[in-house]
Amino acid sequence: MLEVRDLKVSYSGIQALRGVSMNVSSGETVALIGPNGAGKSSLLNTISGIVRPESGSVMFEAGDITGARAWVVTKAGVLQVPEGRKVFGEMTVLENLQVGETALHGRAPTYRLQDVFDVFPILQERREQRAGSLSGGQQQMLVIARALMGGPRLLLLDEPSLGLAPVIISQVFDALAELKAQGLTILLVEQNAHLALTASDRAYVIEQGRIMKSGASMDLAKDPEVTALYLGQE
Amino acid sequence: MSGIIAGYLPLFDLYLIHVGLAFSQYIVLRAGVFSLATAAFAGIGAYTAGIFAVNLGLHPAIGLLAGTLTGMGAAIFLSIPLARLRGVYQAIATVAFIQICLSLNVYSESLTGGAMGLNNIPKTVGTGTLFVFAALATYMIWAIERGRLGRAFNAIRQDEAVAASLGISITRHQMLAFAISGALAGLFGGLEAYHAYALDPNQFGFHLLITILSYVILGGRNTVLGPLVGCAILIILPELARPLAENRMVIYGVMLIVVINYVPKGIVDTALDAIRARRLKMREETVS
């Protein structure tokens, strides 16, 4: 479904990605794990068009979306949930969700308002409240829900657990599991490797702008190197 | 009684024209563009309409349409270089644009009358026409605000990167906001031309820029009521304090400083926030 080939990205001379190749098949949840500054977010931002690559290609289904602008990428159904719970704070929950519909660009919605409320019931309760007044966990749910309103075929998730309490994180990941069960394809960036490997089918380990390892998440969770570096010894 | 009303009619006419200009300023701010070019677009619209009537002797309806279109055209043209700038740089560039328009106006004396202004424009617009156009403009802004377009503008203003990641084209939407702004300014500039007999080039300079910006900042930038109220206050107040009317600009300046410091969201937005907070509190109290 998504095919990234030999992607290179640099910011004012500093190489963030040094030739990354990876792919995501329809219906899969794929995780990118790795330390801070490894290039996980750069990869996500390049796929979604926020960052333009130096070389390499990004193919989505039959189309080439390499270097396309962010709003054009959404037309194909590739939707990113940005890092850091970026809700539109002055708007109500409902208005945030309505803005999310923009990404449809005439495509048929895959999630209607009620479907989104079924996944995140708290948002229905708070629908008239200003998004800025929600708790951190609720805001994270809202940004995921907002992306769902845009009919994603591939959902890019950037650090959904960042800065959330453990009990809230498990709520968010329960919701992700539900979306996965409904057939949504997800590419997940996560610093919390344990969480990422539990929630995904396959994973890539990325370090200093390169893919170091890849494989089934279950296998990676048992890999001695990965356990030592990212999961902590038990 | 009717004498008193008649006495205040010119003030009401001024209000109706300036409401249109205030909305022109409001809509670009709404879309996250810090453009101050409304005064220039109004000048372009006014002179186009004036020239159509004086030099070409055309019907006022055609003149108004031409004023609207040239205002819009200038705005779309200006939006292209401005798309590369942000924030205060947009403001500086648009102030420069106003100065360029003023200079061009003075240089093209044969067409615009230069520093002498454009005179003997037939007065074809009265309070009724102004009221209809001001009402239409208010309705249009209200409709935009409630719709998809208004939400897209809000999204861009609050976070451009996120808006783009949700499928909103920043360039297209800001160009659209400019087009609406330019068309409104052009139209109300044209109405001013047909209402005032004469046009003076300095009428559309820095002074007007500050005046229009004050309406929106004082009133509020987030609801259609903001510019309506801001404009009313700033037009009525100097009249109530007649002896101070000469010092209108001083009053504007002082009010702006006070408002920016103590009610930065503007009068209407602050009041609405307070009402909303009270309602929420009352609802919570009835629940518990």
# chains A, B, ... in the order shown; residues from 1 in each chain; ligands from 1
>>> closest_atom_pairs(of="chain B", to="chain A", cutoff="6 Å", atoms="only C-alpha atoms", output="JSON lines")
{"residue": "B:Ala164", "atom": "CA", "partner": "A:Trp71", "partner_atom": "CA", "distance": 5.0}
{"residue": "B:Ser165", "atom": "CA", "partner": "A:Ala70", "partner_atom": "CA", "distance": 5.5}
{"residue": "B:Leu166", "atom": "CA", "partner": "A:Ala103", "partner_atom": "CA", "distance": 5.3}
{"residue": "B:Gly167", "atom": "CA", "partner": "A:Trp71", "partner_atom": "CA", "distance": 3.9}
{"residue": "B:Ile168", "atom": "CA", "partner": "A:Trp71", "partner_atom": "CA", "distance": 5.6}
{"residue": "B:Ser169", "atom": "CA", "partner": "A:Trp71", "partner_atom": "CA", "distance": 5.7}
>>> write_last_selection(atoms="C-alpha atoms", output="PDB file, in the first residue's frame")
ATOM      1  CA  ALA B 164      -2.358  21.714   5.944  1.00  0.00           C
ATOM      2  CA  SER B 165      -2.087  18.215   7.362  1.00  0.00           C
ATOM      3  CA  LEU B 166      -5.883  18.123   7.452  1.00  0.00           C
ATOM      4  CA  GLY B 167      -6.142  18.874   3.764  1.00  0.00           C
ATOM      5  CA  ILE B 168      -6.529  22.654   3.806  1.00  0.00           C
ATOM      6  CA  SER B 169      -4.535  24.501   1.150  1.00  0.00           C
TER       7      SER B 169
END
>>> residues_around(residues="Gly37 (chain A)", least_positions_apart="5", cutoff="12 Å", atoms="only C-alpha atoms", output="PyMOL selection string")
chain A and resi 14-17+42-43+191+206-210
>>> write_last_selection(atoms="N, CA and C atoms", output="PDB file, in the first residue's frame")
ATOM      1  N   ILE A  14      22.100  18.987   7.761  1.00  0.00           N
ATOM      2  CA  ILE A  14      22.163  17.846   8.675  1.00  0.00           C
ATOM      3  C   ILE A  14      21.247  16.745   8.161  1.00  0.00           C
ATOM      4  N   GLN A  15      21.846  15.564   7.936  1.00  0.00           N
ATOM      5  CA  GLN A  15      21.052  14.468   7.377  1.00  0.00           C
ATOM      6  C   GLN A  15      20.190  13.824   8.448  1.00  0.00           C
ATOM      7  N   ALA A  16      18.874  13.835   8.191  1.00  0.00           N
ATOM      8  CA  ALA A  16      17.959  13.214   9.145  1.00  0.00           C
ATOM      9  C   ALA A  16      17.620  11.798   8.701  1.00  0.00           C
ATOM     10  N   LEU A  17      17.492  11.595   7.406  1.00  0.00           N
ATOM     11  CA  LEU A  17      17.251  10.259   6.864  1.00  0.00           C
ATOM     12  C   LEU A  17      18.336   9.966   5.836  1.00  0.00           C
ATOM     13  N   SER A  42      10.814  12.507  11.140  1.00  0.00           N
ATOM     14  CA  SER A  42      11.187  13.004   9.810  1.00  0.00           C
ATOM     15  C   SER A  42      10.582  12.118   8.730  1.00  0.00           C
ATOM     16  N   LEU A  43      10.645  10.806   8.952  1.00  0.00           N
ATOM     17  CA  LEU A  43      10.083   9.881   7.983  1.00  0.00           C
ATOM     18  C   LEU A  43       8.582  10.108   7.830  1.00  0.00           C
ATOM     19  N   GLN A 191       8.072   6.265  20.832  1.00  0.00           N
ATOM     20  CA  GLN A 191       9.317   6.097  21.582  1.00  0.00           C
ATOM     21  C   GLN A 191       9.222   4.964  22.574  1.00  0.00           C
ATOM     22  N   ILE A 206      14.716   2.179  13.810  1.00  0.00           N
ATOM     23  CA  ILE A 206      15.415   3.224  13.059  1.00  0.00           C
ATOM     24  C   ILE A 206      16.401   3.925  13.992  1.00  0.00           C
ATOM     25  N   GLU A 207      17.635   4.077  13.491  1.00  0.00           N
ATOM     26  CA  GLU A 207      18.694   4.714  14.277  1.00  0.00           C
ATOM     27  C   GLU A 207      19.519   5.589  13.361  1.00  0.00           C
ATOM     28  N   GLN A 208      19.780   6.787  13.763  1.00  0.00           N
ATOM     29  CA  GLN A 208      20.604   7.729  12.998  1.00  0.00           C
ATOM     30  C   GLN A 208      20.239   7.768  11.516  1.00  0.00           C
ATOM     31  N   GLY A 209      18.943   7.801  11.264  1.00  0.00           N
ATOM     32  CA  GLY A 209      18.488   7.973   9.887  1.00  0.00           C
ATOM     33  C   GLY A 209      18.534   6.723   9.030  1.00  0.00           C
ATOM     34  N   ARG A 210      18.768   5.567   9.657  1.00  0.00           N
ATOM     35  CA  ARG A 210      18.790   4.314   8.871  1.00  0.00           C
ATOM     36  C   ARG A 210      17.914   3.268   9.543  1.00  0.00           C
TER      37      ARG A 210
END
>>> atom_distance(atom1="CA of Ala181 (chain A)", atom2="CA of Met141 (chain A)")
17.3 Å
>>> residues_around(residues="Gln140 (chain A)", least_positions_apart="2", cutoff="9 Å", atoms="only C-alpha atoms", output="list in words")
Gly84, Arg85, Lys86, Val87, Ser135, Gly136, Gly137, Gln138, Leu142, Val143, Ile144, Ala145, Pro160, Ser161, Leu164 and Val172 of chain A
>>> write_last_selection(atoms="N, CA and C atoms", output="mmCIF file, in the first residue's frame")
data_model
loop_
_atom_site.group_PDB
_atom_site.id
_atom_site.type_symbol
_atom_site.label_atom_id
_atom_site.label_comp_id
_atom_site.auth_asym_id
_atom_site.auth_seq_id
_atom_site.Cartn_x
_atom_site.Cartn_y
_atom_site.Cartn_z
ATOM 1 N N GLY A 84 2.104 15.862 19.668
ATOM 2 C CA GLY A 84 1.867 16.957 20.609
ATOM 3 C C GLY A 84 0.435 17.444 20.702
ATOM 4 N N ARG A 85 -0.548 16.601 20.325
ATOM 5 C CA ARG A 85 -1.967 16.914 20.574
ATOM 6 C C ARG A 85 -2.362 18.296 20.072
ATOM 7 N N LYS A 86 -2.157 18.518 18.800
ATOM 8 C CA LYS A 86 -2.429 19.855 18.269
ATOM 9 C C LYS A 86 -3.901 20.030 17.910
ATOM 10 N N VAL A 87 -4.725 20.248 18.917
ATOM 11 C CA VAL A 87 -6.133 20.559 18.664
ATOM 12 C C VAL A 87 -6.254 22.046 18.330
ATOM 13 N N SER A 135 -8.749 17.580 28.683
ATOM 14 C CA SER A 135 -7.529 17.051 29.290
ATOM 15 C C SER A 135 -6.606 16.532 28.188
ATOM 16 N N GLY A 136 -5.355 16.267 28.545
ATOM 17 C CA GLY A 136 -4.377 15.814 27.557
ATOM 18 C C GLY A 136 -4.823 14.566 26.809
ATOM 19 N N GLY A 137 -5.332 13.598 27.552
ATOM 20 C CA GLY A 137 -5.778 12.349 26.932
ATOM 21 C C GLY A 137 -6.938 12.579 25.983
ATOM 22 N N GLN A 138 -7.872 13.436 26.409
ATOM 23 C CA GLN A 138 -9.020 13.740 25.552
ATOM 24 C C GLN A 138 -8.585 14.468 24.288
ATOM 25 N N LEU A 142 -9.074 13.409 20.501
ATOM 26 C CA LEU A 142 -9.690 14.319 19.530
ATOM 27 C C LEU A 142 -8.859 14.432 18.249
ATOM 28 N N VAL A 143 -7.530 14.515 18.377
ATOM 29 C CA VAL A 143 -6.743 14.655 17.142
ATOM 30 C C VAL A 143 -6.803 13.371 16.311
ATOM 31 N N ILE A 144 -6.890 12.225 16.978
ATOM 32 C CA ILE A 144 -7.056 10.977 16.222
ATOM 33 C C ILE A 144 -8.438 10.973 15.552
ATOM 34 N N ALA A 145 -9.449 11.342 16.333
ATOM 35 C CA ALA A 145 -10.816 11.376 15.800
ATOM 36 C C ALA A 145 -10.932 12.351 14.629
ATOM 37 N N PRO A 160 1.678 9.004 19.912
ATOM 38 C CA PRO A 160 0.389 9.235 20.592
ATOM 39 C C PRO A 160 0.467 9.117 22.109
ATOM 40 N N SER A 161 1.542 8.521 22.642
ATOM 41 C CA SER A 161 1.600 8.342 24.100
ATOM 42 C C SER A 161 2.324 9.488 24.798
ATOM 43 N N LEU A 164 1.422 11.472 28.297
ATOM 44 C CA LEU A 164 0.147 11.060 28.879
ATOM 45 C C LEU A 164 0.387 10.096 30.043
ATOM 46 N N VAL A 172 -5.952 5.170 25.044
ATOM 47 C CA VAL A 172 -5.690 5.564 23.652
ATOM 48 C C VAL A 172 -5.337 4.332 22.820
#
>>> closest_residue(among="B:Phe188, B:Phe178, B:Tyr197, B:Tyr252", to="Ala31 (chain B)", atoms="only C-alpha atoms")
B:Phe178
>>> closest_residue(among="A:Leu94, A:Leu197, A:Leu134, A:Val116", to="Ser214 (chain A)", atoms="only C-alpha atoms")
A:Leu197
>>> closest_residue(among="B:Asn247, B:Leu9, B:His18, B:Val162", to="Gly230 (chain B)", atoms="only C-alpha atoms")
B:His18
>>> select_by_dssp(residues="region 3-226 of chain B", states="helix (DSSP H, G or I)", output="CSV table (one decimal) with C-alpha atoms, in the first residue's frame")
chain,number,residue,atom,x,y,z
B,3,GLY,CA,-34.4,67.1,12.9
B,4,ILE,CA,-32.2,65.3,15.3
B,5,ILE,CA,-32.3,62.1,13.2
B,6,ALA,CA,-31.5,64.1,10.1
B,7,GLY,CA,-28.6,65.7,11.9
B,8,TYR,CA,-27.1,62.3,12.6
B,9,LEU,CA,-27.7,60.8,9.2
B,10,PRO,CA,-24.2,61.6,7.8
B,11,LEU,CA,-22.8,59.9,10.8
B,12,PHE,CA,-24.9,56.8,10.1
B,13,ASP,CA,-23.8,56.9,6.4
B,14,LEU,CA,-20.2,57.0,7.5
B,15,TYR,CA,-20.9,54.0,9.8
B,16,LEU,CA,-22.4,52.0,7.0
B,17,ILE,CA,-19.4,52.6,4.7
B,18,HIS,CA,-16.9,51.9,7.4
B,19,VAL,CA,-18.7,48.7,8.5
B,20,GLY,CA,-18.0,47.3,5.0
B,21,LEU,CA,-14.3,48.3,5.3
B,22,ALA,CA,-14.1,46.8,8.8
B,23,PHE,CA,-15.3,43.5,7.4
B,24,SER,CA,-12.7,43.7,4.7
B,25,GLN,CA,-10.1,44.0,7.4
B,26,TYR,CA,-11.8,41.4,9.5
B,27,ILE,CA,-11.8,38.6,6.9
B,28,VAL,CA,-8.1,38.6,6.2
B,29,LEU,CA,-7.2,38.6,9.9
B,30,ARG,CA,-9.7,35.8,10.3
B,38,THR,CA,-7.9,47.4,3.0
B,39,ALA,CA,-7.3,51.2,2.7
B,40,ALA,CA,-5.5,50.7,-0.6
B,41,PHE,CA,-8.2,48.4,-2.0
B,42,ALA,CA,-10.9,50.9,-0.9
B,43,GLY,CA,-8.9,53.7,-2.7
B,44,ILE,CA,-8.6,51.6,-5.9
B,45,GLY,CA,-12.4,50.8,-5.8
B,46,ALA,CA,-13.3,54.4,-5.1
B,47,TYR,CA,-11.2,55.9,-7.8
B,48,THR,CA,-12.3,53.2,-10.3
B,49,ALA,CA,-16.0,53.9,-9.6
B,50,GLY,CA,-15.3,57.7,-9.6
B,51,ILE,CA,-13.6,57.6,-13.0
B,52,PHE,CA,-16.2,55.4,-14.5
B,53,ALA,CA,-18.8,58.0,-13.5
B,54,VAL,CA,-16.9,61.3,-14.2
B,60,PRO,CA,-23.4,53.9,-11.0
B,61,ALA,CA,-24.2,50.1,-11.0
B,62,ILE,CA,-21.5,49.5,-13.6
B,63,GLY,CA,-19.1,51.8,-11.6
B,64,LEU,CA,-19.7,49.9,-8.4
B,65,LEU,CA,-19.2,46.6,-10.1
B,66,ALA,CA,-16.0,47.9,-11.7
B,67,GLY,CA,-14.8,49.2,-8.3
B,68,THR,CA,-15.5,45.8,-6.7
B,69,LEU,CA,-13.7,43.9,-9.4
B,70,THR,CA,-10.6,46.1,-9.4
B,71,GLY,CA,-10.4,46.0,-5.6
B,72,MET,CA,-10.6,42.2,-5.8
B,73,GLY,CA,-8.1,42.0,-8.7
B,74,ALA,CA,-5.6,44.1,-6.8
B,75,ALA,CA,-6.1,41.9,-3.7
B,76,ILE,CA,-5.5,38.7,-5.6
B,77,PHE,CA,-2.5,40.2,-7.3
B,78,LEU,CA,-1.1,41.2,-3.9
B,79,SER,CA,-1.8,37.8,-2.3
B,80,ILE,CA,0.8,36.1,-4.6
B,81,PRO,CA,3.9,37.8,-3.2
B,82,LEU,CA,2.4,38.0,0.3
B,88,VAL,CA,4.6,41.5,10.8
B,89,TYR,CA,6.3,41.2,7.4
B,90,GLN,CA,2.9,41.0,5.7
B,91,ALA,CA,1.9,44.1,7.6
B,92,ILE,CA,5.0,46.0,6.5
B,93,ALA,CA,4.5,44.9,2.8
B,94,THR,CA,0.9,46.0,2.8
B,95,VAL,CA,1.7,49.4,4.3
B,96,ALA,CA,4.2,49.8,1.5
B,97,PHE,CA,1.5,48.8,-1.0
B,98,ILE,CA,-0.7,51.6,0.4
B,99,GLN,CA,2.1,54.1,-0.1
B,100,ILE,CA,2.6,52.8,-3.7
B,101,CYS,CA,-1.0,53.3,-4.5
B,102,LEU,CA,-1.0,56.8,-3.0
B,103,SER,CA,2.0,57.8,-5.1
B,104,LEU,CA,0.6,56.2,-8.3
B,105,ASN,CA,-2.6,58.1,-7.7
B,106,VAL,CA,-0.8,61.4,-7.4
B,107,TYR,CA,1.4,60.8,-10.5
B,109,GLU,CA,-2.9,63.2,-12.5
B,110,SER,CA,-4.7,63.1,-15.9
B,111,LEU,CA,-6.7,60.2,-14.8
B,112,THR,CA,-7.2,60.6,-11.1
B,114,GLY,CA,-3.7,63.9,-8.7
B,115,ALA,CA,-3.3,65.8,-5.5
B,116,MET,CA,-6.4,67.9,-6.4
B,127,THR,CA,-28.5,56.0,3.1
B,128,GLY,CA,-30.9,53.3,1.7
B,129,THR,CA,-28.3,51.9,-0.7
B,130,LEU,CA,-25.6,52.0,1.9
B,131,PHE,CA,-27.8,50.2,4.3
B,132,VAL,CA,-28.6,47.4,1.8
B,133,PHE,CA,-25.0,46.8,0.9
B,134,ALA,CA,-23.8,46.9,4.6
B,135,ALA,CA,-26.6,44.4,5.5
B,136,LEU,CA,-25.5,42.2,2.6
B,137,ALA,CA,-21.9,42.4,3.6
B,138,THR,CA,-22.8,41.5,7.2
B,139,TYR,CA,-24.8,38.6,6.0
B,140,MET,CA,-22.1,37.3,3.7
B,141,ILE,CA,-19.5,37.4,6.5
B,142,TRP,CA,-21.9,35.7,8.9
B,143,ALA,CA,-22.6,33.0,6.4
B,144,ILE,CA,-18.9,32.4,5.7
B,145,GLU,CA,-18.2,32.2,9.4
B,146,ARG,CA,-20.8,29.6,10.0
B,148,ARG,CA,-16.9,25.2,6.0
B,149,LEU,CA,-14.9,28.2,4.8
B,150,GLY,CA,-15.0,29.9,8.1
B,151,ARG,CA,-13.8,26.8,9.9
B,152,ALA,CA,-10.9,26.4,7.4
B,153,PHE,CA,-9.9,30.1,8.0
B,154,ASN,CA,-10.0,29.5,11.8
B,155,ALA,CA,-7.9,26.4,11.4
B,156,ILE,CA,-5.3,28.2,9.4
B,157,ARG,CA,-5.1,31.1,11.8
B,158,GLN,CA,-4.7,28.8,14.8
B,160,GLU,CA,-1.1,26.5,9.7
B,161,ALA,CA,0.9,23.2,9.7
B,162,VAL,CA,-2.0,21.3,11.3
B,163,ALA,CA,-4.5,22.8,8.9
B,164,ALA,CA,-2.4,21.7,5.9
B,165,SER,CA,-2.1,18.2,7.4
B,170,ILE,CA,-3.1,27.5,2.9
B,171,THR,CA,-2.2,29.4,-0.3
B,172,ARG,CA,-5.7,29.0,-1.9
B,173,HIS,CA,-7.6,29.9,1.3
B,174,GLN,CA,-5.5,33.0,2.0
B,175,MET,CA,-5.9,34.1,-1.6
B,176,LEU,CA,-9.6,33.6,-1.3
B,177,ALA,CA,-9.7,35.6,1.9
B,178,PHE,CA,-7.8,38.4,0.1
B,179,ALA,CA,-10.2,38.3,-2.8
B,180,ILE,CA,-13.2,38.7,-0.5
B,181,SER,CA,-11.4,41.5,1.4
B,182,GLY,CA,-10.5,43.3,-1.8
B,183,ALA,CA,-14.0,43.0,-3.3
B,184,LEU,CA,-15.6,44.3,-0.1
B,185,ALA,CA,-13.1,47.2,0.2
B,186,GLY,CA,-13.5,48.0,-3.5
B,187,LEU,CA,-17.3,48.0,-3.3
B,188,PHE,CA,-17.4,50.2,-0.2
B,189,GLY,CA,-14.8,52.5,-1.7
B,190,GLY,CA,-17.0,52.8,-4.7
B,191,LEU,CA,-20.0,53.6,-2.5
B,192,GLU,CA,-18.0,56.2,-0.8
B,193,ALA,CA,-17.2,57.8,-4.2
B,194,TYR,CA,-20.8,58.0,-5.2
B,195,HIS,CA,-21.8,59.3,-1.8
B,196,ALA,CA,-19.2,62.0,-1.2
B,201,PRO,CA,-5.9,60.7,-2.5
B,202,ASN,CA,-4.9,61.1,1.2
B,203,GLN,CA,-8.3,59.9,2.3
B,204,PHE,CA,-7.0,56.3,1.6
B,206,PHE,CA,-2.3,55.7,6.8
B,207,HIS,CA,-5.2,57.4,8.7
B,208,LEU,CA,-7.8,55.1,7.2
B,209,LEU,CA,-5.6,52.1,7.8
B,210,ILE,CA,-5.5,52.9,11.5
B,211,THR,CA,-9.2,53.7,11.7
B,212,ILE,CA,-10.2,50.4,10.1
B,213,LEU,CA,-7.8,48.3,12.1
B,214,SER,CA,-9.1,50.0,15.3
B,215,TYR,CA,-12.7,48.9,14.6
B,216,VAL,CA,-11.7,45.3,14.4
B,217,ILE,CA,-9.3,45.3,17.3
B,218,LEU,CA,-11.7,47.2,19.6
B,219,GLY,CA,-14.7,45.3,18.6
B,225,LEU,CA,-20.6,41.4,15.9
B,226,GLY,CA,-17.0,42.6,16.6
>>> residues_around(residues="Gly34 (chain A)", least_positions_apart="5", cutoff="10 Å", atoms="only C-alpha atoms", output="PDB file with N, CA and C atoms, in the first residue's frame")
ATOM      1  N   GLY A  39      15.077   9.937  13.480  1.00  0.00           N
ATOM      2  CA  GLY A  39      14.493  10.214  12.177  1.00  0.00           C
ATOM      3  C   GLY A  39      13.085   9.672  12.016  1.00  0.00           C
ATOM      4  N   LYS A  40      12.509   9.208  13.120  1.00  0.00           N
ATOM      5  CA  LYS A  40      11.150   8.635  13.043  1.00  0.00           C
ATOM      6  C   LYS A  40      10.140   9.677  12.564  1.00  0.00           C
ATOM      7  N   VAL A 189       4.512   5.903  14.990  1.00  0.00           N
ATOM      8  CA  VAL A 189       5.826   6.273  15.512  1.00  0.00           C
ATOM      9  C   VAL A 189       5.708   6.338  17.023  1.00  0.00           C
ATOM     10  N   GLU A 190       6.616   5.683  17.728  1.00  0.00           N
ATOM     11  CA  GLU A 190       6.457   5.621  19.169  1.00  0.00           C
ATOM     12  C   GLU A 190       7.819   5.426  19.831  1.00  0.00           C
ATOM     13  N   GLN A 191       8.072   6.265  20.832  1.00  0.00           N
ATOM     14  CA  GLN A 191       9.317   6.097  21.582  1.00  0.00           C
ATOM     15  C   GLN A 191       9.222   4.964  22.574  1.00  0.00           C
ATOM     16  N   ASN A 192       8.007   4.760  23.068  1.00  0.00           N
ATOM     17  CA  ASN A 192       7.767   3.677  23.996  1.00  0.00           C
ATOM     18  C   ASN A 192       7.726   2.364  23.218  1.00  0.00           C
ATOM     19  N   ALA A 193       8.894   1.694  23.134  1.00  0.00           N
ATOM     20  CA  ALA A 193       9.030   0.535  22.247  1.00  0.00           C
ATOM     21  C   ALA A 193       8.147  -0.620  22.683  1.00  0.00           C
ATOM     22  N   TYR A 204       9.848  -1.469  12.425  1.00  0.00           N
ATOM     23  CA  TYR A 204      11.179  -1.110  11.942  1.00  0.00           C
ATOM     24  C   TYR A 204      11.906  -0.408  13.071  1.00  0.00           C
ATOM     25  N   VAL A 205      13.165  -0.783  13.254  1.00  0.00           N
ATOM     26  CA  VAL A 205      13.979  -0.071  14.236  1.00  0.00           C
ATOM     27  C   VAL A 205      14.817   0.927  13.454  1.00  0.00           C
ATOM     28  N   ILE A 206      14.716   2.179  13.810  1.00  0.00           N
ATOM     29  CA  ILE A 206      15.415   3.224  13.059  1.00  0.00           C
ATOM     30  C   ILE A 206      16.401   3.925  13.992  1.00  0.00           C
ATOM     31  N   GLU A 207      17.635   4.077  13.491  1.00  0.00           N
ATOM     32  CA  GLU A 207      18.694   4.714  14.277  1.00  0.00           C
ATOM     33  C   GLU A 207      19.519   5.589  13.361  1.00  0.00           C
ATOM     34  N   GLN A 208      19.780   6.787  13.763  1.00  0.00           N
ATOM     35  CA  GLN A 208      20.604   7.729  12.998  1.00  0.00           C
ATOM     36  C   GLN A 208      20.239   7.768  11.516  1.00  0.00           C
ATOM     37  N   GLY A 209      18.943   7.801  11.264  1.00  0.00           N
ATOM     38  CA  GLY A 209      18.488   7.973   9.887  1.00  0.00           C
ATOM     39  C   GLY A 209      18.534   6.723   9.030  1.00  0.00           C
ATOM     40  N   ILE A 211      17.371   2.367   8.713  1.00  0.00           N
ATOM     41  CA  ILE A 211      16.649   1.232   9.275  1.00  0.00           C
ATOM     42  C   ILE A 211      17.689   0.208   9.725  1.00  0.00           C
ATOM     43  N   MET A 212      17.702  -0.119  11.017  1.00  0.00           N
ATOM     44  CA  MET A 212      18.691  -1.063  11.533  1.00  0.00           C
ATOM     45  C   MET A 212      18.157  -2.488  11.554  1.00  0.00           C
ATOM     46  N   VAL A 226      17.348  -5.569  20.621  1.00  0.00           N
ATOM     47  CA  VAL A 226      16.209  -4.678  20.832  1.00  0.00           C
ATOM     48  C   VAL A 226      15.820  -4.668  22.305  1.00  0.00           C
ATOM     49  N   LEU A 229      18.405  -2.581  24.176  1.00  0.00           N
ATOM     50  CA  LEU A 229      18.443  -1.144  23.906  1.00  0.00           C
ATOM     51  C   LEU A 229      17.128  -0.424  24.209  1.00  0.00           C
ATOM     52  N   TYR A 230      16.039  -1.086  23.895  1.00  0.00           N
ATOM     53  CA  TYR A 230      14.765  -0.340  23.940  1.00  0.00           C
ATOM     54  C   TYR A 230      13.780  -0.854  24.976  1.00  0.00           C
TER      55      TYR A 230
END
>>> residues_around(residues="Ala271 (chain B)", least_positions_apart="5", cutoff="12 Å", atoms="only C-alpha atoms", output="list in words")
Gly219, Gly220, Asn222, Thr223, Leu225, Gly226, Val229, Val263, Pro264, Lys265, Gly266, Arg276, Ala277 and Arg278 of chain B
>>> closest_residue(among="A:Val9, A:Ile65, A:Ala177, A:Ile33", to="Arg52 (chain A)", atoms="only C-alpha atoms")
A:Val9
>>> decode(residues="region 129-162 of chain B", atoms="C-alpha atoms", output="mmCIF file, in the first residue's frame")
data_model
loop_
_atom_site.group_PDB
_atom_site.id
_atom_site.type_symbol
_atom_site.label_atom_id
_atom_site.label_comp_id
_atom_site.auth_asym_id
_atom_site.auth_seq_id
_atom_site.Cartn_x
_atom_site.Cartn_y
_atom_site.Cartn_z
ATOM 1 C CA THR B 129 -28.318 51.910 -0.749
ATOM 2 C CA LEU B 130 -25.575 52.000 1.854
ATOM 3 C CA PHE B 131 -27.791 50.185 4.313
ATOM 4 C CA VAL B 132 -28.619 47.440 1.811
ATOM 5 C CA PHE B 133 -24.956 46.849 0.946
ATOM 6 C CA ALA B 134 -23.830 46.947 4.589
ATOM 7 C CA ALA B 135 -26.553 44.430 5.468
ATOM 8 C CA LEU B 136 -25.508 42.180 2.572
ATOM 9 C CA ALA B 137 -21.864 42.358 3.617
ATOM 10 C CA THR B 138 -22.777 41.517 7.209
ATOM 11 C CA TYR B 139 -24.846 38.561 6.018
ATOM 12 C CA MET B 140 -22.071 37.329 3.750
ATOM 13 C CA ILE B 141 -19.468 37.436 6.534
ATOM 14 C CA TRP B 142 -21.902 35.747 8.903
ATOM 15 C CA ALA B 143 -22.588 32.988 6.380
ATOM 16 C CA ILE B 144 -18.876 32.428 5.704
ATOM 17 C CA GLU B 145 -18.210 32.232 9.408
ATOM 18 C CA ARG B 146 -20.810 29.553 10.034
ATOM 19 C CA GLY B 147 -19.736 27.429 7.096
ATOM 20 C CA ARG B 148 -16.895 25.227 6.038
ATOM 21 C CA LEU B 149 -14.884 28.174 4.763
ATOM 22 C CA GLY B 150 -14.993 29.936 8.128
ATOM 23 C CA ARG B 151 -13.782 26.802 9.892
ATOM 24 C CA ALA B 152 -10.938 26.450 7.399
ATOM 25 C CA PHE B 153 -9.936 30.103 8.012
ATOM 26 C CA ASN B 154 -9.991 29.488 11.771
ATOM 27 C CA ALA B 155 -7.907 26.363 11.409
ATOM 28 C CA ILE B 156 -5.286 28.202 9.352
ATOM 29 C CA ARG B 157 -5.143 31.074 11.827
ATOM 30 C CA GLN B 158 -4.687 28.779 14.802
ATOM 31 C CA ASP B 159 -2.134 26.370 13.319
ATOM 32 C CA GLU B 160 -1.059 26.469 9.703
ATOM 33 C CA ALA B 161 0.889 23.207 9.732
ATOM 34 C CA VAL B 162 -1.961 21.255 11.268
#
